[in-house]
Amino acid sequence: MSVLDPIYDRAKANPQKVAFPEAANEKMMQAAYEAAKDGYIKAVLVGNAEELKALAAERGYDASVFEFVDINDEAYTAKLVADYIASPETSLKKEKGLRRRIADPLYYAMAMQAVGAADVTFAGIDNTTGDVINAGMVMIGIKPNISTPSSIGLCYIPNWTGGENGLLAIGDSAVCTNPNPEQLADIAISACDTVRDLLQWEPRCAMVCYSTLGSGSGDLIDKVLEALKIAQEKRPDLAIDGEFQFDAAVKPEVAAKKVKRESKVAGKANVVIWPDLNVGNIGVKLIQTFGHADAYGPMLQGFNKIVCDCSRGAPVSEIKGNIIISAVRAAAMKG
Amino acid sequence: MDRKELEAKIIELVTISYKKAPGEVTLETSFKNDLGGASVQMVALVSEIENELDAMVALQDAAACETVADLVDAVENEL
């Protein structure tokens, strides 16, 4: 049984509408087709409908698996523009400017998502991560009280019983380069919400650096301490604790020696927040290389709705998995 | 709209988007050093420029501006 099986089951029980603005791409169309045909999602292909239908036929797909939305359909677009401008959650309020943006299928799909015509927008195979994040910030927006978009990855570490049965969520290893204390706090908060929505965990979130409870000192630690204070004040409902070294965060025997106070997190963290992207990038590669971990993600977080990006080099199976993960997150976010 | 009017309008929009007091923002104001460089406010600012001036400045181009004067240049190019 795969660690993703429970997520796949939840997707199938409540298939979400996923908009694909890059469906002309062969790998993306195949992943969308397989995910929809297997009943995990409802796939909405956004772009030039005639071209997409021809490509689907050429590739041997049953077109009835897809819904097609033509960005040149004036009646559909006029309603989309009106609904988007009327929505209290959107910031672009002028028709001319909005139409200029949604000439790009990525922005069109996100406008659909913003007004509820789709639950998720899935892209990133033709557009860069930066393109997807920028489009998400403009069209979908960042959650109130969250200062930055960010990401988490999910690592399954074979033969490790820590974290959450061998699974560890880590962030941010992909998006926010050098977060300030407020941003670092928001990465931790978003990460807790993401694992709660996606995995139904009770998050135990450790903010890590090279010091455990004052064993070291300096600017790098002060940033983590300030972030921890902000996170705890903003979300007292969450178990976010630190500052811990990585081993004190995830190894009970080390926590027992180094953490001489009550902690719901020390030694048993299932979410680890790095202090910056240097640590995050190196950390995930260490876990993959020496821990032989399977890594899933990055999953973008902090947006008003689920915004998804996939690696341009990803194989179809990985893209399909990320599509299904994003659909489950969207369903959970809707409540 | 001439350059002076555009400068005044951009200063007004920056002041609103970054929730600053009137008079606090000038052409020399640095996004990074004086305004904190937060990306959320930059998104709001880009949307406001589009709504008010009908000029589409890409988010990454706006984020690359060091000062308010640089942003005025970027908007002027789009008008």
# chains A, B, ... in the order shown; residues from 1 in each chain; ligands from 1
>>> interface_residues(of="chain B", to="chain A", cutoff="10 Å", atoms="only C-alpha atoms", output="MDAnalysis selection string")
chainID B and resid 36 38:56 58:60
>>> select_by_dssp(residues="stretch 158-314 of chain A", states="strand (DSSP E)", output="number ranges by chain")
A: 167-171, 204-208, 239-244, 271-273, 294-301, 307-309
>>> residues_around(residues="A:Leu238", least_positions_apart="3", cutoff="10 Å", atoms="only C-alpha atoms", output="VMD selection string")
chain A and resid 188 to 189 192 to 193 202 to 205 231 to 235 241
>>> write_last_selection(atoms="N, CA and C atoms", output="PDB file, in the first residue's frame")
ATOM      1  N   ALA A 188       5.225  28.522   8.688  1.00  0.00           N
ATOM      2  CA  ALA A 188       4.892  27.483   9.673  1.00  0.00           C
ATOM      3  C   ALA A 188       3.372  27.317   9.803  1.00  0.00           C
ATOM      4  N   ILE A 189       2.671  28.435   9.864  1.00  0.00           N
ATOM      5  CA  ILE A 189       1.203  28.386  10.011  1.00  0.00           C
ATOM      6  C   ILE A 189       0.569  27.740   8.779  1.00  0.00           C
ATOM      7  N   CYS A 192       1.138  23.969   8.734  1.00  0.00           N
ATOM      8  CA  CYS A 192       0.236  23.246   9.646  1.00  0.00           C
ATOM      9  C   CYS A 192      -1.146  23.097   9.006  1.00  0.00           C
ATOM     10  N   ASP A 193      -1.649  24.170   8.408  1.00  0.00           N
ATOM     11  CA  ASP A 193      -2.971  24.097   7.764  1.00  0.00           C
ATOM     12  C   ASP A 193      -2.955  23.132   6.585  1.00  0.00           C
ATOM     13  N   GLU A 202      -2.792  15.963  13.122  1.00  0.00           N
ATOM     14  CA  GLU A 202      -2.698  17.044  14.094  1.00  0.00           C
ATOM     15  C   GLU A 202      -1.241  17.502  14.016  1.00  0.00           C
ATOM     16  N   PRO A 203      -0.988  18.699  13.444  1.00  0.00           N
ATOM     17  CA  PRO A 203       0.410  19.085  13.201  1.00  0.00           C
ATOM     18  C   PRO A 203       1.205  19.293  14.492  1.00  0.00           C
ATOM     19  N   ARG A 204       2.458  18.797  14.468  1.00  0.00           N
ATOM     20  CA  ARG A 204       3.435  19.076  15.527  1.00  0.00           C
ATOM     21  C   ARG A 204       4.632  19.708  14.814  1.00  0.00           C
ATOM     22  N   CYS A 205       4.674  21.019  14.888  1.00  0.00           N
ATOM     23  CA  CYS A 205       5.547  21.783  13.987  1.00  0.00           C
ATOM     24  C   CYS A 205       6.771  22.328  14.722  1.00  0.00           C
ATOM     25  N   ALA A 231       4.323  33.309  15.363  1.00  0.00           N
ATOM     26  CA  ALA A 231       3.449  32.175  15.002  1.00  0.00           C
ATOM     27  C   ALA A 231       2.593  31.748  16.188  1.00  0.00           C
ATOM     28  N   GLN A 232       3.205  31.669  17.357  1.00  0.00           N
ATOM     29  CA  GLN A 232       2.456  31.236  18.546  1.00  0.00           C
ATOM     30  C   GLN A 232       1.380  32.251  18.925  1.00  0.00           C
ATOM     31  N   GLU A 233       1.694  33.540  18.721  1.00  0.00           N
ATOM     32  CA  GLU A 233       0.699  34.574  19.043  1.00  0.00           C
ATOM     33  C   GLU A 233      -0.442  34.570  18.029  1.00  0.00           C
ATOM     34  N   LYS A 234      -0.090  34.374  16.741  1.00  0.00           N
ATOM     35  CA  LYS A 234      -1.124  34.403  15.695  1.00  0.00           C
ATOM     36  C   LYS A 234      -2.035  33.187  15.763  1.00  0.00           C
ATOM     37  N   ARG A 235      -1.445  32.033  16.042  1.00  0.00           N
ATOM     38  CA  ARG A 235      -2.223  30.795  16.022  1.00  0.00           C
ATOM     39  C   ARG A 235      -1.953  29.947  17.268  1.00  0.00           C
ATOM     40  N   ASP A 241       6.571  24.850  17.950  1.00  0.00           N
ATOM     41  CA  ASP A 241       7.523  24.997  19.058  1.00  0.00           C
ATOM     42  C   ASP A 241       8.946  25.086  18.516  1.00  0.00           C
TER      43      ASP A 241
END
>>> atom_distance(atom1="atom CA of A:Thr177", atom2="atom CA of A:Leu277")
4.8 Å
>>> closest_residue(among="A:Ala227, A:Val44, A:Ile152, A:Leu213", to="A:Ser190", atoms="only C-alpha atoms")
A:Ile152
>>> select_by_dssp(residues="stretch 41-107 of chain A", states="helix (DSSP H, G or I)", output="JSON list (two decimals) with N, CA and C atoms, in the first residue's frame")
[["chain", "number", "residue", "atom", "x", "y", "z"],
["A", 49, "ALA", "N", -10.53, 25.46, -27.64],
["A", 49, "ALA", "CA", -11.24, 24.18, -27.49],
["A", 49, "ALA", "C", -11.10, 23.30, -28.73],
["A", 50, "GLU", "N", -11.18, 23.92, -29.92],
["A", 50, "GLU", "CA", -11.07, 23.12, -31.14],
["A", 50, "GLU", "C", -9.70, 22.43, -31.22],
["A", 51, "GLU", "N", -8.68, 23.20, -30.90],
["A", 51, "GLU", "CA", -7.32, 22.66, -30.94],
["A", 51, "GLU", "C", -7.16, 21.54, -29.90],
["A", 52, "LEU", "N", -7.71, 21.76, -28.72],
["A", 52, "LEU", "CA", -7.58, 20.76, -27.64],
["A", 52, "LEU", "C", -8.35, 19.48, -27.99],
["A", 53, "LYS", "N", -9.54, 19.66, -28.61],
["A", 53, "LYS", "CA", -10.32, 18.47, -29.01],
["A", 53, "LYS", "C", -9.57, 17.67, -30.08],
["A", 54, "ALA", "N", -8.97, 18.40, -31.01],
["A", 54, "ALA", "CA", -8.21, 17.72, -32.06],
["A", 54, "ALA", "C", -7.01, 16.96, -31.47],
["A", 55, "LEU", "N", -6.33, 17.61, -30.52],
["A", 55, "LEU", "CA", -5.18, 16.95, -29.89],
["A", 55, "LEU", "C", -5.61, 15.71, -29.11],
["A", 56, "ALA", "N", -6.75, 15.83, -28.41],
["A", 56, "ALA", "CA", -7.25, 14.69, -27.62],
["A", 56, "ALA", "C", -7.55, 13.51, -28.55],
["A", 57, "ALA", "N", -8.19, 13.81, -29.69],
["A", 57, "ALA", "CA", -8.52, 12.75, -30.65],
["A", 57, "ALA", "C", -7.26, 12.13, -31.23],
["A", 58, "GLU", "N", -6.32, 13.00, -31.59],
["A", 58, "GLU", "CA", -5.05, 12.54, -32.16],
["A", 58, "GLU", "C", -4.30, 11.62, -31.20],
["A", 63, "ALA", "N", -12.89, 11.89, -25.63],
["A", 63, "ALA", "CA", -13.10, 13.30, -25.31],
["A", 63, "ALA", "C", -14.20, 13.51, -24.27],
["A", 64, "SER", "N", -15.06, 12.51, -24.08],
["A", 64, "SER", "CA", -16.15, 12.69, -23.11],
["A", 64, "SER", "C", -15.61, 12.72, -21.67],
["A", 65, "VAL", "N", -14.35, 12.32, -21.48],
["A", 65, "VAL", "CA", -13.75, 12.38, -20.14],
["A", 65, "VAL", "C", -13.47, 13.83, -19.75],
["A", 74, "GLU", "N", -17.13, 34.07, -26.35],
["A", 74, "GLU", "CA", -17.41, 35.40, -25.82],
["A", 74, "GLU", "C", -18.49, 35.38, -24.74],
["A", 75, "ALA", "N", -19.50, 34.54, -24.92],
["A", 75, "ALA", "CA", -20.58, 34.50, -23.92],
["A", 75, "ALA", "C", -20.04, 34.01, -22.58],
["A", 76, "TYR", "N", -19.23, 32.95, -22.63],
["A", 76, "TYR", "CA", -18.65, 32.40, -21.38],
["A", 76, "TYR", "C", -17.72, 33.43, -20.74],
["A", 77, "THR", "N", -16.89, 34.06, -21.59],
["A", 77, "THR", "CA", -15.91, 35.02, -21.07],
["A", 77, "THR", "C", -16.60, 36.24, -20.46],
["A", 78, "ALA", "N", -17.67, 36.71, -21.09],
["A", 78, "ALA", "CA", -18.37, 37.89, -20.57],
["A", 78, "ALA", "C", -18.92, 37.60, -19.17],
["A", 79, "LYS", "N", -19.48, 36.41, -18.98],
["A", 79, "LYS", "CA", -20.02, 36.05, -17.66],
["A", 79, "LYS", "C", -18.88, 35.90, -16.65],
["A", 80, "LEU", "N", -17.77, 35.29, -17.11],
["A", 80, "LEU", "CA", -16.62, 35.12, -16.22],
["A", 80, "LEU", "C", -16.10, 36.48, -15.75],
["A", 81, "VAL", "N", -15.97, 37.41, -16.69],
["A", 81, "VAL", "CA", -15.47, 38.75, -16.35],
["A", 81, "VAL", "C", -16.41, 39.43, -15.36],
["A", 82, "ALA", "N", -17.71, 39.34, -15.61],
["A", 82, "ALA", "CA", -18.69, 39.99, -14.72],
["A", 82, "ALA", "C", -18.63, 39.37, -13.32],
["A", 83, "ASP", "N", -18.58, 38.03, -13.27],
["A", 83, "ASP", "CA", -18.54, 37.35, -11.97],
["A", 83, "ASP", "C", -17.25, 37.67, -11.22],
["A", 84, "TYR", "N", -16.13, 37.73, -11.96],
["A", 84, "TYR", "CA", -14.84, 37.98, -11.32],
["A", 84, "TYR", "C", -14.81, 39.39, -10.72],
["A", 85, "ILE", "N", -15.27, 40.35, -11.50],
["A", 85, "ILE", "CA", -15.24, 41.74, -11.02],
["A", 85, "ILE", "C", -16.19, 41.90, -9.82],
["A", 86, "ALA", "N", -17.31, 41.18, -9.85],
["A", 86, "ALA", "CA", -18.30, 41.32, -8.76],
["A", 86, "ALA", "C", -17.85, 40.62, -7.48],
["A", 95, "GLU", "N", -12.72, 45.87, -16.42],
["A", 95, "GLU", "CA", -12.92, 44.84, -17.43],
["A", 95, "GLU", "C", -11.76, 44.79, -18.43],
["A", 96, "LYS", "N", -11.31, 45.98, -18.86],
["A", 96, "LYS", "CA", -10.26, 46.00, -19.89],
["A", 96, "LYS", "C", -8.99, 45.31, -19.40],
["A", 97, "GLY", "N", -8.59, 45.65, -18.17],
["A", 97, "GLY", "CA", -7.38, 45.06, -17.60],
["A", 97, "GLY", "C", -7.54, 43.57, -17.38],
["A", 98, "LEU", "N", -8.73, 43.19, -16.89],
["A", 98, "LEU", "CA", -8.97, 41.77, -16.62],
["A", 98, "LEU", "C", -8.94, 40.96, -17.92],
["A", 99, "ARG", "N", -9.57, 41.50, -18.95],
["A", 99, "ARG", "CA", -9.58, 40.79, -20.24],
["A", 99, "ARG", "C", -8.16, 40.65, -20.81],
["A", 100, "ARG", "N", -7.34, 41.67, -20.55],
["A", 100, "ARG", "CA", -5.95, 41.61, -21.01],
["A", 100, "ARG", "C", -5.24, 40.44, -20.33],
["A", 101, "ARG", "N", -5.49, 40.29, -19.02],
["A", 101, "ARG", "CA", -4.84, 39.20, -18.29],
["A", 101, "ARG", "C", -5.33, 37.83, -18.76],
["A", 105, "PRO", "N", -4.26, 31.60, -20.99],
["A", 105, "PRO", "CA", -5.09, 30.54, -20.39],
["A", 105, "PRO", "C", -4.82, 30.31, -18.90],
["A", 106, "LEU", "N", -3.57, 30.56, -18.45],
["A", 106, "LEU", "CA", -3.26, 30.38, -17.02],
["A", 106, "LEU", "C", -4.11, 31.33, -16.18],
["A", 107, "TYR", "N", -4.19, 32.58, -16.61],
["A", 107, "TYR", "CA", -4.98, 33.58, -15.88],
["A", 107, "TYR", "C", -6.47, 33.31, -16.05]]
>>> atom_distance(atom1="atom CA of A:Ile240", atom2="atom CA of A:Val271")
9.1 Å
>>> residues_around(residues="A:Ser2", least_positions_apart="2", cutoff="12 Å", atoms="only C-alpha atoms", output="PyMOL selection string")
chain A and resi 4-9+156+158+167+294+321
>>> residues_around(residues="B:Leu6", least_positions_apart="6", cutoff="10 Å", atoms="only C-alpha atoms", output="tab-separated table (two decimals) with C-alpha atoms, in the first residue's frame")
chain	number	residue	atom	x	y	z
B	12	GLU	CA	-1.02	58.03	-3.93
B	53	LEU	CA	-4.40	53.86	-14.82
B	72	VAL	CA	6.73	55.51	-12.33
B	73	ASP	CA	9.13	54.77	-15.21
B	75	VAL	CA	4.15	52.49	-15.64
B	76	GLU	CA	5.00	55.29	-18.06
>>> atom_distance(atom1="atom CA of A:Gly39", atom2="atom CA of A:Phe122")
16.8 Å
>>> closest_residue(among="A:Cys310, A:Cys155, A:Val328, A:Leu168", to="A:Asp119", atoms="only C-alpha atoms")
A:Val328
>>> residues_around(residues="A:Val250", least_positions_apart="5", cutoff="6 Å", atoms="only C-alpha atoms", output="number ranges by chain")
A: 267-269
>>> write_last_selection(atoms="C-alpha atoms", output="short mmCIF file (atom, residue, chain, number, x, y, z; two decimals), in the first residue's frame")
data_model
loop_
_atom_site.label_atom_id
_atom_site.label_comp_id
_atom_site.auth_asym_id
_atom_site.auth_seq_id
_atom_site.Cartn_x
_atom_site.Cartn_y
_atom_site.Cartn_z
CA GLY A 267 11.35 14.68 19.45
CA LYS A 268 8.13 13.95 17.60
CA ALA A 269 7.70 16.73 15.04
#
